[in-house]
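Here the structure comes first, spelled out in structure tokens, and everything after it is commentary.
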4 protein chains.
Amino acid sequence: MKVGFVGLGQMGSGMAARLLATGQELTVFNRSPERMQPLVAQGAQAARSLADFADSDVVFTMLAEDQAVESVVWGEGRLLQCLRPGAVHISSSTISVALSAQLAEAHAAAGQEYISAPVFGRPDAAAAGKLFLAVAGRKELIDRLQILLDAVGQRTFIVAAEPEKANLVKLSGNFLIASVIESLGEAMALVEKGGINRHAYLELLTSSLFNIPLYKNYGALIADRKFTPPGFAAPLGQKDIRLVLAAAEALEVSLPFASILRDRFIRLAARGGEIRDWSAVGGLAAEDAGLLPKS
Amino acid sequence: MKVGFVGLGQMGSGMAARLLATGQELTVFNRSPERMQPLVAQGAQAARSLADFADSDVVFTMLAEDQAVESVVWGEGRLLQCLRPGAVHISSSTISVALSAQLAEAHAAAGQEYISAPVFGRPDAAAAGKLFLAVAGRKELIDRLQILLDAVGQRTFIVAAEPEKANLVKLSGNFLIASVIESLGEAMALVEKGGINRHAYLELLTSSLFNIPLYKNYGALIADRKFTPPGFAAPLGQKDIRLVLAAAEALEVSLPFASILRDRFIRLAARGGEIRDWSAVGGLAAEDAGLLPKS
Amino acid sequence: MKVGFVGLGQMGSGMAARLLATGQELTVFNRSPERMQPLVAQGAQAARSLADFADSDVVFTMLAEDQAVESVVWGEGRLLQCLRPGAVHISSSTISVALSAQLAEAHAAAGQEYISAPVFGRPDAAAAGKLFLAVAGRKELIDRLQILLDAVGQRTFIVAAEPEKANLVKLSGNFLIASVIESLGEAMALVEKGGINRHAYLELLTSSLFNIPLYKNYGALIADRKFTPPGFAAPLGQKDIRLVLAAAEALEVSLPFASILRDRFIRLAARGGEIRDWSAVGGLAAEDAGLLPKS
Amino acid sequence: MKVGFVGLGQMGSGMAARLLATGQELTVFNRSPERMQPLVAQGAQAARSLADFADSDVVFTMLAEDQAVESVVWGEGRLLQCLRPGAVHISSSTISVALSAQLAEAHAAAGQEYISAPVFGRPDAAAAGKLFLAVAGRKELIDRLQILLDAVGQRTFIVAAEPEKANLVKLSGNFLIASVIESLGEAMALVEKGGINRHAYLELLTSSLFNIPLYKNYGALIADRKFTPPGFAAPLGQKDIRLVLAAAEALEVSLPFASILRDRFIRLAARGGEIRDWSAVGGLAAEDAGLLPKS
């Protein structure tokens, strides 16, 4: 299979490397060309433009946001125009439900296939092929491409036939993670102001009821108050909460916790939070309690 | 050691049975005497009144709320009057930080000892001796009584020398659990209204990032919408959120998620929620979204 | 001056009638033509299409939302194409800050003028020429057209030279009104459940500190629980809160009250609220308190 | 009538002076005796202790909080013990619903009368006899004492026969005022960051829909960012929100806006807000938006 990969950020680079490592014939593309070098060194072809994906069987995209995906897909010389009939676009970006539905429609109209396959996991999981994939699209197609999904993830969950539903699941998952960050931030500010060591407290939590990497890792970031450099930047978290709220409003579901998170991220952005990890939301309760200098 | 146990609800009965099972000489007391029968059948003595604890070395209390603890401790013929000097009161109830501090002071003034040892876990964990204990008090005393703590719990975390700090930790933990319930309730309402099966969604979550009993068990209650009979009744959850907010206000820490939870529990109470499990909070998002009939 | 008016809903009809009543030569247009009849009877010309505004000096638009304004302005035979150079578009619709900025730019590029003049007041105030106008645009232009603004409003406030700033003011005002609705709804639910007559309570409030029509009128709607037929429909209120939050996120301002209102409107929408007045938000606290049947 | 007055803070001093000015025979008491001087200069008697109220027909109390009222009423040589049978205690303090109910019961048991008469208005209104009074108690008794109520207020609203209901009304009113402060704070932060002068904005609001002193005065404090010295100190506002939430929880009414306010006041307290006016809550949105230095 000829496989393409567009978007070599922290996540995309790891995923592309996994595809190479499992023997796929891979062509990569990135706006900043220097990020293609390490993969070329591992055997990938570097595309000069999206036109080089004309003979690809499958092209992954892994980009930061809706706008980036739109600019790769639509327009002169862009993916929708370049892909041959029957070729498959696998979108792993965390994008809006609405855009994913539009992509499904546009690819179908062009005689192409579209699978939505957003991922859970941070860059280290991507590099290790340990992502979890929420996948939606035609079942036979997903089955046929399982080998590619297995290259990047440790497990695939087939969510639905309609691709945009995988995006809803992904956004809801990021909402759950952000809720963990906020709740830990509040609890730690409380116990610390009550005179309890926050690292010891975290040890208690994660040795008992909350014994998973999610609580351990985010808890450590909050207890260490180490929010730079970002593993997942705050503006991306803000974007995800905006998208989950937009999807929820369209579906007429009110999400009080997500509304709190929205306000938290905006506040972070207004005070220089754009260079911090999204776990910096977990520092705001301490700031309000007077435990941390105001950012 | 002569051990006493006051309060044989779902949690206390399990804990008392564990003390018996590990060979302690146990005397039990409960306001409704019929709950003493099963333990007497297993070898416990039934106290006729609190006066029967006059020669106890250690007395556990495991009661529903501040008022119940106050009525057991203070007053004519109550614990503070009955216990001999040097005897130890181990309080495992989920009570306010303020009351725990008062108990510490009162027992000290009476020449008695006081340890705060609230527990994490539901009734099945209590019966199996699998609770987690957050313990605070004099270190040497805790060490000396470790055998009793090991009888009821799988692990003891020593939090601080000041007993009330264990209560703060316990309340903060219940806040974290309630946050899990609410966030799952919101996420499930969202994906269900988006056309995704909520049991399949929960399977995805708990097979990937949220792979712990806490998410599995509460997620199942919410997905099944099975909120009766209560394992932990909603009014008790409401009480815990009230106590955590009171402790936070005293310490000048604002907790936006806890404020949301407070409103949720009050709403539940106003519409007949007092007979439901506290996980019924996780059904309110679905109700607001029109997925559930009005409670 | 040849004046045009597009959009003859409850608000627009009143405003157009005022322009007629003060002697303007008026041409009107509405998608549903039957709404033009009463104005024609009062002396207006009925346009057959937007092309009939080719010789207008000034054209008002008063439409329900962004999409309606966009479809009137952009495209073949639409306002941007039809207006002659130098003609003025006065937009009184409650639209997004972003769209208003786009309109300013588009009209300038076409050699036309653009004033943003959103209004405060309900239909009865429009019919009486008693609206308040928040106006932004070129100062000399506003001065020149003051006679038209005076026809529809009792007072004009010049906000800024940049038209979109008037829209920000308008949206912030609707946020303040919605906050009044919610706060009254909460207070009335509280005192009613405490055994106090809610009409007597409202009388107390509006005879003392809250002695303005805003509190009297919305208070009466909430106390009467009379939310149909809508004077200002809930989906329009929901739209305004969405727009104010979008503007606030773009400016990096977090608005906790607006987030609560957003959740309230979504909840209303999910349970059939689209046919109610936006003051129905003020019934939700009573509903949650068990005072009202669930909608 | 022999009238007593206990509590000569900013509010109480003004009220007592009004009683004198309308010809009442007045005896005053204050913990810090120097505050009695100005009233003695105007003709009042200074009590040396509460025992001096033994022959009073009516005693007003106007104190800062529950604890102060409790310490004046209960105990050796306190009001409950000193007042003669048939004497009337008029409580104008903003206290909890629960305490007011206790006072009613205690005075009845002692053969004394109790009226709850909390007031709306700031110190200048108290000095001018322009307060609004929410009064509850026995109707005939209130009628008989109307002359005293008229001395301190411009209007009396009789709320109910049960005294504590007046306190519920008072607390709900302070909640409404705090909601005005917060909503104005959010709106002003928004428009200011959007480039609009906040004083001009306030002028627009209060010349149109929000044309009452409440919006003008609090709006000016927020626009001026002048939060010291306090007219009504933030800790008192925080106390009132705590009391309204406690009353609401007891009645099973959830108040989302009040929960936001609670978090705001706590945050203010944690960062040195105790010396500011409660309108400082209206500065937090600006602070979060990066418009104000961190408090």
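FYI, nothing fancy with the structure tokens labels: chains A, B, ... in order, residues from 1 per chain, ligands from 1 as they appear.
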Could you tell me which residues of chain B sit within 12 Å of chain D when counting only C-alpha atoms, and give me the result as JSON, numbers by chain?
{"B": [235, 238, 239, 241, 242, 245, 246, 247, 248, 249, 250, 251, 252, 253, 254, 255, 256, 257, 258, 259, 260, 261, 262, 263, 264, 265, 266, 267, 268, 269, 270, 271, 272, 273, 274]}
Which parts of range 127-248 of chain B does DSSP call helix (DSSP H, G or I) when run on the backbone here, written out as an MDAnalysis selection string?
chainID B and resid 127 139:144 146:152 164:193 198:207 213:224 234:248
List every residue of range 20-234 of chain C that DSSP, applied to the backbone of this structure, assigns to strand (DSSP E or B), and report them as JSON, numbers by chain.
{"C": [25, 26, 27, 28, 29, 45, 46, 58, 59, 60, 61, 88, 89, 90, 91, 113, 114, 115, 116, 119, 120, 131, 132, 133, 134, 135, 136, 153, 154, 155, 156, 157, 158, 159, 160, 233]}
Residue neighbourhood range 112-114 of chain D, 7 Å, only C-alpha atoms, exclusion window fewer than 4 positions, as a PyMOL selection string
chain D and resi 85-90+104+107-108+137
Contacts of Val58 in chain D at 12 Å or less, counting only C-alpha atoms, minus same-chain residues fewer than 2 places along, as number ranges by chain?
D: 1-6, 19, 24-28, 53-56, 60-61, 79, 83-91, 112-115, 141-142, 144-145, 148-149
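For Ala233 in chain D, the residues within 6 Å (counting only C-alpha atoms, excluding itself and residues fewer than 3 positions away along the chain) are Pro230, Leu236, Arg276, Asp277 and Trp278 of chain D.
Straight-line separation from CA of Arg48 in chain B to CA of Ala17 in chain B: 18.9 Å.
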Exercise: range 118-128 of chain D partners within 9 Å, only C-alpha atoms, chain neighbours under 5 positions left out, as a PyMOL selection string:
(chain C and resi 208-209) or (chain D and resi 10-18+62+91-95+133-135+152-153+166-167+169-170+173-174+231-232)
Quick check, in Å to one decimal: how far apart do CA of Glu140 in chain C and CA of Leu80 in chain C lie?
22.0 Å
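One distance worth recording is that between CA of Gln102 in chain B and CA of Ser116 in chain B, which is 11.7 Å.
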